[in-house]
file model-v4.csv (CSV, C-alpha atoms)
chain,number,residue,atom,x,y,z
A,1,MET,CA,11.5,-35.7,13.4
A,2,GLU,CA,13.6,-33.8,15.9
A,3,ALA,CA,12.7,-34.4,19.5
A,4,ARG,CA,10.2,-31.8,20.6
A,5,ASN,CA,12.3,-30.2,23.3
A,6,GLY,CA,13.0,-27.4,20.9
A,7,TRP,CA,11.7,-25.8,17.7
A,8,TYR,CA,10.2,-28.3,15.2
A,9,VAL,CA,8.0,-28.4,12.1
A,10,ASP,CA,4.5,-30.0,12.6
A,11,THR,CA,2.8,-32.4,10.3
A,12,ARG,CA,0.8,-29.7,8.5
A,13,CYS,CA,3.9,-28.9,6.4
A,14,THR,CA,3.2,-28.9,2.7
A,15,ASN,CA,6.9,-28.8,1.6
A,16,CYS,CA,6.5,-25.4,0.0
A,17,ASP,CA,10.2,-24.6,0.5
A,18,VAL,CA,9.6,-21.1,2.0
A,19,ALA,CA,11.1,-21.8,5.4
A,20,ARG,CA,14.2,-23.4,3.9
A,21,GLN,CA,14.8,-20.3,1.8
A,22,LEU,CA,14.7,-18.1,4.9
A,23,ALA,CA,16.5,-20.3,7.5
A,24,PRO,CA,19.1,-22.3,5.6
A,25,GLY,CA,21.1,-24.6,7.9
A,26,LEU,CA,18.3,-24.6,10.4
A,27,VAL,CA,15.4,-25.9,8.3
A,28,ALA,CA,16.0,-28.5,5.6
A,29,GLU,CA,14.1,-31.0,3.4
A,30,VAL,CA,13.8,-34.4,5.0
A,31,LYS,CA,11.8,-37.1,3.3
A,32,GLY,CA,9.7,-34.7,1.3
A,33,ARG,CA,8.9,-32.1,4.0
A,34,SER,CA,10.7,-29.4,6.0
A,35,GLU,CA,12.3,-30.3,9.3
A,36,VAL,CA,14.2,-28.2,11.9
A,37,VAL,CA,17.5,-30.0,11.7
A,38,ARG,CA,19.4,-27.8,14.2
A,39,GLN,CA,18.3,-25.4,17.0
A,40,PRO,CA,19.2,-21.8,16.7
A,41,ARG,CA,22.5,-21.0,18.5
A,42,ASP,CA,22.4,-17.2,18.7
A,43,ALA,CA,20.2,-14.2,18.2
A,44,ALA,CA,20.8,-14.0,14.5
A,45,GLU,CA,19.7,-17.6,14.0
A,46,LEU,CA,16.7,-17.1,16.2
A,47,ARG,CA,15.7,-14.2,14.0
A,48,ALA,CA,16.1,-16.3,10.9
A,49,LEU,CA,13.9,-19.0,12.3
A,50,HIS,CA,11.2,-16.4,13.2
A,51,ALA,CA,11.4,-15.1,9.6
A,52,ALA,CA,10.7,-18.6,8.4
A,53,ALA,CA,8.0,-19.1,10.9
A,54,TYR,CA,6.2,-15.9,10.1
A,55,ALA,CA,6.3,-16.7,6.4
A,56,CYS,CA,5.1,-20.4,6.8
A,57,HIS,CA,1.5,-20.5,5.5
A,58,THR,CA,0.6,-23.4,7.8
A,59,ARG,CA,2.3,-21.8,10.8
A,60,SER,CA,4.0,-25.2,11.2
A,61,ILE,CA,7.3,-24.0,12.9
A,62,ARG,CA,6.6,-24.4,16.6
A,63,HIS,CA,8.1,-24.7,20.0
A,64,PRO,CA,6.5,-26.8,22.8
A,65,GLU,CA,7.1,-24.1,25.4
A,66,GLN,CA,7.4,-20.8,23.5
A,67,ARG,CA,5.3,-18.7,21.3
A,68,LEU,CA,6.6,-16.8,18.3
A,69,ASP,CA,7.9,-13.4,19.4
A,70,PRO,CA,6.0,-10.6,17.6
A,71,ALA,CA,9.1,-8.4,18.1
A,72,LEU,CA,11.0,-10.8,15.8
A,73,ASP,CA,8.4,-10.6,12.9
A,74,PRO,CA,10.7,-9.0,10.2
A,75,TYR,CA,8.0,-8.3,7.6
A,76,PRO,CA,8.0,-6.7,5.2
A,77,LEU,CA,11.6,-7.7,4.8
A,78,VAL,CA,14.0,-5.7,2.5
A,79,LEU,CA,15.5,-7.9,-0.1
A,80,ASP,CA,17.8,-5.5,-2.0
A,81,GLY,CA,20.3,-2.9,-0.8
A,82,GLY,CA,18.3,0.0,-2.1
A,83,GLY,CA,15.1,-1.1,-0.3
A,84,ASP,CA,13.0,-1.1,-3.4
A,85,VAL,CA,11.7,-4.6,-3.0
A,86,LEU,CA,10.4,-6.1,0.2
A,87,LEU,CA,9.2,-9.6,0.9
A,88,CYS,CA,5.7,-9.5,2.5
A,89,GLY,CA,6.0,-12.7,4.5
A,90,HIS,CA,2.8,-14.1,6.1
A,91,ASN,CA,2.1,-16.4,3.2
A,92,SER,CA,-1.4,-17.6,2.7
A,93,THR,CA,-2.9,-21.1,2.7
A,94,HIS,CA,-5.2,-19.8,0.0
A,95,THR,CA,-2.3,-19.2,-2.4
A,96,ALA,CA,-0.5,-22.5,-1.7
A,97,GLY,CA,2.0,-20.6,0.4
A,98,ALA,CA,3.2,-18.3,-2.4
A,99,ASN,CA,5.5,-15.4,-1.7
A,100,ALA,CA,4.3,-11.9,-2.3
A,101,TYR,CA,6.3,-8.7,-2.7
A,102,LEU,CA,6.1,-4.9,-2.3
A,103,LEU,CA,7.8,-2.9,-5.0
A,104,ARG,CA,8.6,0.7,-4.0
A,105,ARG,CA,8.6,3.4,-6.8
A,106,PRO,CA,11.2,6.0,-5.6
A,107,ALA,CA,10.2,8.6,-8.2
A,108,ASP,CA,6.9,9.3,-6.5
A,109,GLY,CA,7.0,7.4,-3.2
A,110,THR,CA,4.3,4.9,-4.2
A,111,VAL,CA,4.2,1.1,-3.8
A,112,MET,CA,2.9,-1.8,-5.9
A,113,MET,CA,2.0,-5.2,-4.4
A,114,ILE,CA,2.8,-8.3,-6.5
A,115,ASP,CA,0.6,-11.2,-5.5
A,116,THR,CA,-0.8,-11.2,-2.0
A,117,PRO,CA,0.1,-12.5,1.5
A,118,ARG,CA,-2.6,-13.7,3.9
A,119,TRP,CA,-5.3,-11.2,4.5
A,120,SER,CA,-5.5,-9.0,7.6
A,121,ALA,CA,-6.2,-5.3,8.0
A,122,ALA,CA,-3.3,-5.0,10.4
A,123,LEU,CA,-0.9,-6.5,7.8
A,124,ALA,CA,-2.4,-4.2,5.1
A,125,GLU,CA,-1.7,-1.2,7.3
A,126,ARG,CA,1.9,-2.4,7.9
A,127,TYR,CA,2.5,-2.6,4.1
A,128,ALA,CA,0.8,0.8,3.5
A,129,ALA,CA,3.3,2.4,5.9
A,130,TYR,CA,5.9,2.1,3.0
A,131,GLY,CA,3.9,4.4,0.8
A,132,PRO,CA,0.5,4.7,-1.0
A,133,VAL,CA,-0.2,1.4,-2.8
A,134,THR,CA,-1.4,2.2,-6.3
A,135,ASP,CA,-1.7,-1.3,-7.8
A,136,VAL,CA,-2.0,-5.0,-6.8
A,137,LEU,CA,-0.5,-7.0,-9.6
A,138,LEU,CA,-1.6,-10.7,-9.8
A,139,THR,CA,0.6,-13.1,-11.7
A,140,HIS,CA,-2.1,-15.7,-12.2
A,141,ARG,CA,-5.2,-17.3,-10.8
A,142,ASP,CA,-3.5,-19.4,-8.0
A,143,HIS,CA,-2.4,-16.2,-6.2
A,144,ALA,CA,-5.6,-14.2,-6.6
A,145,ALA,CA,-7.3,-15.1,-3.3
A,146,HIS,CA,-6.8,-11.9,-1.4
A,147,GLY,CA,-6.3,-9.5,-4.3
A,148,ARG,CA,-9.7,-7.7,-4.1
A,149,ARG,CA,-9.5,-7.2,-0.3
A,150,TYR,CA,-6.0,-5.8,-0.4
A,151,ALA,CA,-6.9,-3.5,-3.4
A,152,ASP,CA,-10.0,-2.2,-1.7
A,153,HIS,CA,-8.4,-1.6,1.7
A,154,LEU,CA,-5.4,0.1,0.1
A,155,GLY,CA,-7.4,2.0,-2.5
A,156,ALA,CA,-5.4,0.3,-5.3
A,157,ARG,CA,-6.2,-1.0,-8.7
A,158,LEU,CA,-6.3,-4.8,-9.1
A,159,TRP,CA,-4.7,-6.3,-12.2
A,160,ILE,CA,-5.1,-9.8,-13.8
A,161,HIS,CA,-4.8,-11.3,-17.3
A,162,GLU,CA,-8.0,-12.1,-19.2
A,163,GLY,CA,-7.0,-15.8,-19.3
A,164,ASP,CA,-7.4,-16.0,-15.5
A,165,LEU,CA,-10.1,-13.4,-15.1
A,166,ASP,CA,-12.6,-15.9,-13.6
A,167,ALA,CA,-10.3,-16.0,-10.6
A,168,ALA,CA,-10.7,-12.2,-10.1
A,169,PRO,CA,-13.8,-11.2,-12.2
A,170,ASP,CA,-14.0,-7.8,-10.5
A,171,ALA,CA,-10.4,-6.8,-11.4
A,172,ASP,CA,-10.0,-3.1,-12.2
A,173,ARG,CA,-7.5,-3.6,-15.0
A,174,VAL,CA,-7.4,-6.6,-17.4
A,175,LEU,CA,-4.4,-7.5,-19.4
A,176,ARG,CA,-5.1,-9.0,-22.8
A,177,GLY,CA,-3.3,-10.9,-25.5
A,178,THR,CA,0.4,-11.6,-25.3
A,179,ASP,CA,1.9,-8.2,-26.0
A,180,SER,CA,3.9,-6.6,-23.2
A,181,VAL,CA,2.5,-3.4,-21.7
A,182,GLU,CA,3.4,-0.9,-19.0
A,183,VAL,CA,1.2,-1.2,-15.9
A,184,GLY,CA,0.4,1.2,-13.2
A,185,PRO,CA,0.9,5.0,-13.4
A,186,THR,CA,2.4,6.4,-16.6
A,187,GLY,CA,6.2,6.1,-16.5
A,188,SER,CA,6.0,3.4,-13.7
A,189,GLY,CA,8.8,1.4,-15.3
A,190,VAL,CA,6.9,-1.8,-14.7
A,191,ILE,CA,6.2,-4.0,-17.7
A,192,ALA,CA,3.7,-6.9,-17.8
A,193,TYR,CA,4.7,-9.8,-20.0
A,194,PRO,CA,1.8,-12.3,-20.5
A,195,LEU,CA,3.3,-15.7,-20.3
A,196,PRO,CA,0.6,-18.4,-20.7
A,197,GLY,CA,1.7,-21.9,-19.8
A,198,HIS,CA,1.6,-22.5,-16.0
A,199,THR,CA,-2.0,-21.2,-16.3
A,200,VAL,CA,-3.6,-19.7,-19.4
A,201,GLY,CA,-3.5,-16.2,-17.8
A,202,SER,CA,0.0,-16.3,-16.3
A,203,VAL,CA,1.9,-13.0,-16.3
A,204,LEU,CA,5.4,-11.9,-15.2
A,205,TYR,CA,6.2,-8.3,-14.3
A,206,VAL,CA,9.6,-6.7,-14.8
A,207,ALA,CA,10.5,-3.4,-13.1
A,208,ASP,CA,13.3,-1.1,-14.2
A,209,GLN,CA,14.9,-3.9,-16.1
A,210,ARG,CA,16.1,-5.1,-12.7
A,211,TYR,CA,13.4,-7.0,-10.9
A,212,CYS,CA,11.5,-9.9,-12.4
A,213,PHE,CA,8.4,-11.1,-10.6
A,214,SER,CA,7.8,-14.4,-12.3
A,215,GLY,CA,4.8,-15.9,-10.4
A,216,ASP,CA,4.9,-19.6,-10.9
A,217,SER,CA,6.3,-19.5,-14.5
A,218,PHE,CA,9.9,-20.2,-13.5
A,219,TYR,CA,12.1,-20.0,-10.4
A,220,TRP,CA,15.6,-20.5,-9.1
A,221,SER,CA,16.4,-24.1,-8.1
A,222,ARG,CA,19.0,-24.7,-5.5
A,223,THR,CA,19.1,-28.3,-6.7
A,224,THR,CA,20.2,-27.5,-10.2
A,225,ASP,CA,21.7,-24.0,-9.4
A,226,ASP,CA,19.8,-22.6,-12.4
A,227,LEU,CA,16.4,-21.3,-13.6
A,228,GLU,CA,13.8,-23.9,-13.8
A,229,VAL,CA,10.1,-24.3,-14.8
A,230,ALA,CA,7.8,-26.2,-12.6
A,231,ALA,CA,7.2,-28.8,-15.3
A,232,SER,CA,5.4,-31.2,-12.9
A,233,VAL,CA,3.0,-28.5,-11.7
A,234,THR,CA,2.0,-26.9,-15.0
A,235,TRP,CA,-1.8,-26.6,-15.0
A,236,TYR,CA,-2.4,-25.4,-18.5
A,237,SER,CA,0.3,-26.5,-21.0
A,238,ILE,CA,4.0,-27.1,-20.9
A,239,GLU,CA,4.1,-26.7,-24.7
A,240,VAL,CA,2.4,-23.3,-24.5
A,241,LEU,CA,4.9,-22.3,-21.7
A,242,ALA,CA,7.8,-23.3,-24.0
A,243,ALA,CA,6.4,-21.1,-26.7
A,244,SER,CA,5.9,-18.2,-24.3
A,245,LEU,CA,9.4,-18.4,-23.1
A,246,GLU,CA,10.8,-18.6,-26.6
A,247,ARG,CA,8.8,-15.5,-27.6
A,248,THR,CA,9.7,-13.5,-24.5
A,249,ALA,CA,13.2,-14.6,-23.4
A,250,GLY,CA,15.1,-12.4,-25.8
A,251,ASP,CA,13.3,-9.3,-24.5
A,252,LEU,CA,13.7,-9.8,-20.8
A,253,ARG,CA,16.4,-7.9,-18.9
A,254,PHE,CA,16.6,-8.3,-15.1
A,255,GLU,CA,19.1,-9.2,-12.4
A,256,TRP,CA,16.7,-10.2,-9.5
A,257,LEU,CA,14.4,-13.2,-10.0
A,258,LEU,CA,11.5,-13.0,-7.5
A,259,PRO,CA,9.1,-16.0,-8.0
A,260,GLY,CA,6.0,-17.0,-6.2
A,261,HIS,CA,7.3,-20.4,-5.4
A,262,GLY,CA,10.9,-21.5,-5.5
A,263,ASP,CA,14.0,-19.6,-4.5
A,264,ARG,CA,15.0,-16.0,-5.3
A,265,MET,CA,18.3,-15.2,-6.9
A,266,ARG,CA,20.4,-12.2,-8.0
A,267,ARG,CA,22.8,-12.5,-10.9
A,268,PRO,CA,24.3,-10.1,-13.4
A,269,VAL,CA,21.8,-9.0,-16.1
A,270,ASP,CA,23.8,-10.6,-19.0
A,271,GLU,CA,24.0,-13.9,-17.1
A,272,MET,CA,20.2,-13.9,-16.4
A,273,ALA,CA,19.6,-13.2,-20.1
A,274,ARG,CA,21.8,-16.1,-21.1
A,275,ARG,CA,20.1,-18.4,-18.6
A,276,MET,CA,16.6,-17.3,-19.9
A,277,ARG,CA,17.6,-18.3,-23.4
A,278,THR,CA,18.8,-21.7,-22.3
A,279,LEU,CA,15.7,-22.2,-20.1
A,280,ALA,CA,13.6,-21.6,-23.2
A,281,GLU,CA,15.6,-24.2,-25.1
A,282,ARG,CA,15.3,-26.8,-22.3
A,283,THR,CA,11.6,-26.2,-21.9
A,284,ARG,CA,11.0,-26.8,-25.6
A,285,GLU,CA,12.2,-30.4,-25.0
A,286,LEU,CA,9.7,-31.1,-22.2
A,287,ARG,CA,6.4,-33.0,-22.7
A,288,PRO,CA,3.2,-33.0,-20.6
A,289,GLN,CA,3.3,-35.0,-17.4
A,290,PRO,CA,0.9,-35.7,-14.5
A,291,VAL,CA,0.8,-33.1,-11.8
A,292,ASP,CA,3.3,-34.2,-9.1
A,293,PHE,CA,4.3,-31.7,-6.4
A,294,GLY,CA,6.9,-34.2,-5.1
A,295,ALA,CA,8.8,-34.0,-8.4
A,296,LEU,CA,9.7,-30.3,-7.9
A,297,ARG,CA,13.4,-29.7,-7.8
A,298,TRP,CA,13.7,-27.0,-5.1
call {"tool": "encode", "arguments": {"input": "model-v4.csv", "output": "structure tokens"}}
result
Amino acid sequence: MEARNGWYVDTRCTNCDVARQLAPGLVAEVKGRSEVVRQPRDAAELRALHAAAYACHTRSIRHPEQRLDPALDPYPLVLDGGGDVLLCGHNSTHTAGANAYLLRRPADGTVMMIDTPRWSAALAERYAAYGPVTDVLLTHRDHAAHGRRYADHLGARLWIHEGDLDAAPDADRVLRGTDSVEVGPTGSGVIAYPLPGHTVGSVLYVADQRYCFSGDSFYWSRTTDDLEVAASVTWYSIEVLAASLERTAGDLRFEWLLPGHGDRMRRPVDEMARRMRTLAERTRELRPQPVDFGALRW
């Protein structure tokens, strides 16, 4: 561990990878956990470290003599040039540190929330400043912890699939079966694709054939420079996930991959379509294995 005369990561780190995504070059994986491997050298790097710190669900990025500067809290953080997708930050320990997103709908000025950050009324008001939130879309049970509170506070509908309904039994809208369906207001351009595998009720949401919110079904791995499934953290069935991908891959069109865990990536639509097909083929070859968080290829 780096000497504590500067920024460091404390022992609560769960190796969720979020900080490394947001502050590359400053935070890296060392022996199965994140470490601050270099101190920030300028204002831009200090902002990047604060982005990592304000996303860290265990608040493990610390300094022995300084507090985090609220003025450097960047969330929600715009991810694309058009400002249609924002990263919520402030990840929650109750969702294993999963990323959550805001999806702006330019046609009517409304917003959808995909999965949820940690709960606070102040954060909810911050997110609501981007427009009326109509829907909170849960990708699966692991990310359901704060769904009802955000939906109630924001006056939004809460969505989940029937397979994971016991995690949000008071959901306002329940997705059923495996057929894709439009969610939210009519003409929203947001399609839900049930994708059982990681959990029985996993769902991914695709907006405008541009943004894919994949939950924990698949992610972008910096290690392999490709789409990957979390084969070592598949709670329900890797065989079912393979069948779901085979059924769905040919229909998916997107350029932005926005997962709950693992890195984000933007690639041309045709390239992502090709990578989805090969991911389905590779997943078909996988077999069940014991749950092992340490085996994830971030």
call {"tool": "residues_around", "arguments": {"input": "model-v4.csv", "residues": "Leu86 of chain A", "least_positions_apart": "2", "cutoff": "7 Å", "atoms": "all atoms listed in the file", "output": "ChimeraX atom specification"}}
result
/A:76-79,83-84,88,101-103
call {"tool": "closest_atom_pairs", "arguments": {"input": "model-v4.csv", "of": "segment 5-105 of chain A", "to": "segment 222-230 of chain A", "cutoff": "12 Å", "atoms": "all atoms listed in the file", "output": "Markdown table"}}
result
| residue | atom | partner | partner_atom | distance |
| --- | --- | --- | --- | --- |
| A:Asp17 | CA | A:Arg222 | CA | 10.7 |
| A:Arg20 | CA | A:Arg222 | CA | 10.6 |
| A:Gln21 | CA | A:Arg222 | CA | 9.5 |
| A:Pro24 | CA | A:Arg222 | CA | 11.4 |
| A:Glu29 | CA | A:Thr223 | CA | 11.6 |
call {"tool": "residues_around", "arguments": {"input": "model-v4.csv", "residues": "Ser221 of chain A", "least_positions_apart": "6", "cutoff": "9 Å", "atoms": "all atoms listed in the file", "output": "PyMOL selection string"}}
result
chain A and resi 227-228+262-264+297-298
call {"tool": "residues_near_point", "arguments": {"input": "model-v4.csv", "point": "(14.6, -16.3, -26.8)", "cutoff": "10 Å", "atoms": "all atoms listed in the file", "output": "short mmCIF file (atom, residue, chain, number, x, y, z; two decimals) with C-alpha atoms, keeping the file's coordinate frame"}}
result
data_model
loop_
_atom_site.label_atom_id
_atom_site.label_comp_id
_atom_site.auth_asym_id
_atom_site.auth_seq_id
_atom_site.Cartn_x
_atom_site.Cartn_y
_atom_site.Cartn_z
CA ALA A 243 6.40 -21.10 -26.70
CA SER A 244 5.90 -18.20 -24.30
CA LEU A 245 9.40 -18.40 -23.10
CA GLU A 246 10.80 -18.60 -26.60
CA ARG A 247 8.80 -15.50 -27.60
CA THR A 248 9.70 -13.50 -24.50
CA ALA A 249 13.20 -14.60 -23.40
CA GLY A 250 15.10 -12.40 -25.80
CA ASP A 251 13.30 -9.30 -24.50
CA LEU A 252 13.70 -9.80 -20.80
CA ALA A 273 19.60 -13.20 -20.10
CA ARG A 274 21.80 -16.10 -21.10
CA MET A 276 16.60 -17.30 -19.90
CA ARG A 277 17.60 -18.30 -23.40
CA THR A 278 18.80 -21.70 -22.30
CA LEU A 279 15.70 -22.20 -20.10
CA ALA A 280 13.60 -21.60 -23.20
CA GLU A 281 15.60 -24.20 -25.10
#
call {"tool": "residues_around", "arguments": {"input": "model-v4.csv", "residues": "Arg173 of chain A", "least_positions_apart": "4", "cutoff": "7 Å", "atoms": "all atoms listed in the file", "output": "ChimeraX atom specification"}}
result
/A:157-160
call {"tool": "build_atoms", "arguments": {"input": "model-v4.csv", "residues": "segment 271-284 of chain A", "atoms": "N, CA, C and O atoms", "output": "PDB file, in the coordinates of the input"}}
result
ATOM      1  N   GLU A 271      24.047 -12.478 -17.445  1.00  0.00           N
ATOM      2  CA  GLU A 271      24.000 -13.900 -17.100  1.00  0.00           C
ATOM      3  C   GLU A 271      22.519 -14.354 -17.049  1.00  0.00           C
ATOM      4  O   GLU A 271      22.182 -15.442 -17.549  1.00  0.00           O
ATOM      5  N   MET A 272      21.640 -13.542 -16.457  1.00  0.00           N
ATOM      6  CA  MET A 272      20.200 -13.900 -16.400  1.00  0.00           C
ATOM      7  C   MET A 272      19.658 -14.015 -17.832  1.00  0.00           C
ATOM      8  O   MET A 272      18.859 -14.916 -18.140  1.00  0.00           O
ATOM      9  N   ALA A 273      20.061 -13.117 -18.721  1.00  0.00           N
ATOM     10  CA  ALA A 273      19.600 -13.200 -20.100  1.00  0.00           C
ATOM     11  C   ALA A 273      20.014 -14.460 -20.776  1.00  0.00           C
ATOM     12  O   ALA A 273      19.230 -15.106 -21.492  1.00  0.00           O
ATOM     13  N   ARG A 274      21.260 -14.862 -20.544  1.00  0.00           N
ATOM     14  CA  ARG A 274      21.800 -16.100 -21.100  1.00  0.00           C
ATOM     15  C   ARG A 274      20.996 -17.301 -20.529  1.00  0.00           C
ATOM     16  O   ARG A 274      20.598 -18.227 -21.260  1.00  0.00           O
ATOM     17  N   ARG A 275      20.780 -17.283 -19.220  1.00  0.00           N
ATOM     18  CA  ARG A 275      20.100 -18.400 -18.600  1.00  0.00           C
ATOM     19  C   ARG A 275      18.606 -18.461 -19.072  1.00  0.00           C
ATOM     20  O   ARG A 275      18.041 -19.551 -19.197  1.00  0.00           O
ATOM     21  N   MET A 276      18.000 -17.316 -19.346  1.00  0.00           N
ATOM     22  CA  MET A 276      16.600 -17.300 -19.900  1.00  0.00           C
ATOM     23  C   MET A 276      16.597 -17.982 -21.244  1.00  0.00           C
ATOM     24  O   MET A 276      15.677 -18.757 -21.551  1.00  0.00           O
ATOM     25  N   ARG A 277      17.565 -17.700 -22.070  1.00  0.00           N
ATOM     26  CA  ARG A 277      17.600 -18.300 -23.400  1.00  0.00           C
ATOM     27  C   ARG A 277      17.749 -19.836 -23.302  1.00  0.00           C
ATOM     28  O   ARG A 277      17.065 -20.588 -24.001  1.00  0.00           O
ATOM     29  N   THR A 278      18.624 -20.277 -22.423  1.00  0.00           N
ATOM     30  CA  THR A 278      18.800 -21.700 -22.300  1.00  0.00           C
ATOM     31  C   THR A 278      17.593 -22.382 -21.614  1.00  0.00           C
ATOM     32  O   THR A 278      17.257 -23.530 -21.929  1.00  0.00           O
ATOM     33  N   LEU A 279      16.924 -21.659 -20.716  1.00  0.00           N
ATOM     34  CA  LEU A 279      15.700 -22.200 -20.100  1.00  0.00           C
ATOM     35  C   LEU A 279      14.641 -22.409 -21.202  1.00  0.00           C
ATOM     36  O   LEU A 279      13.953 -23.439 -21.218  1.00  0.00           O
ATOM     37  N   ALA A 280      14.510 -21.445 -22.110  1.00  0.00           N
ATOM     38  CA  ALA A 280      13.600 -21.600 -23.200  1.00  0.00           C
ATOM     39  C   ALA A 280      13.893 -22.816 -24.053  1.00  0.00           C
ATOM     40  O   ALA A 280      13.004 -23.591 -24.455  1.00  0.00           O
ATOM     41  N   GLU A 281      15.172 -23.027 -24.331  1.00  0.00           N
ATOM     42  CA  GLU A 281      15.600 -24.200 -25.100  1.00  0.00           C
ATOM     43  C   GLU A 281      15.284 -25.488 -24.400  1.00  0.00           C
ATOM     44  O   GLU A 281      14.785 -26.453 -25.002  1.00  0.00           O
ATOM     45  N   ARG A 282      15.568 -25.549 -23.088  1.00  0.00           N
ATOM     46  CA  ARG A 282      15.300 -26.800 -22.300  1.00  0.00           C
ATOM     47  C   ARG A 282      13.833 -27.065 -22.202  1.00  0.00           C
ATOM     48  O   ARG A 282      13.392 -28.219 -22.260  1.00  0.00           O
ATOM     49  N   THR A 283      13.035 -26.008 -22.021  1.00  0.00           N
ATOM     50  CA  THR A 283      11.600 -26.200 -21.900  1.00  0.00           C
ATOM     51  C   THR A 283      10.971 -26.715 -23.149  1.00  0.00           C
ATOM     52  O   THR A 283       9.997 -27.481 -23.111  1.00  0.00           O
ATOM     53  N   ARG A 284      11.537 -26.331 -24.286  1.00  0.00           N
ATOM     54  CA  ARG A 284      11.000 -26.800 -25.600  1.00  0.00           C
ATOM     55  C   ARG A 284      11.100 -28.321 -25.699  1.00  0.00           C
ATOM     56  O   ARG A 284      10.341 -28.935 -26.438  1.00  0.00           O
TER      57      ARG A 284
END
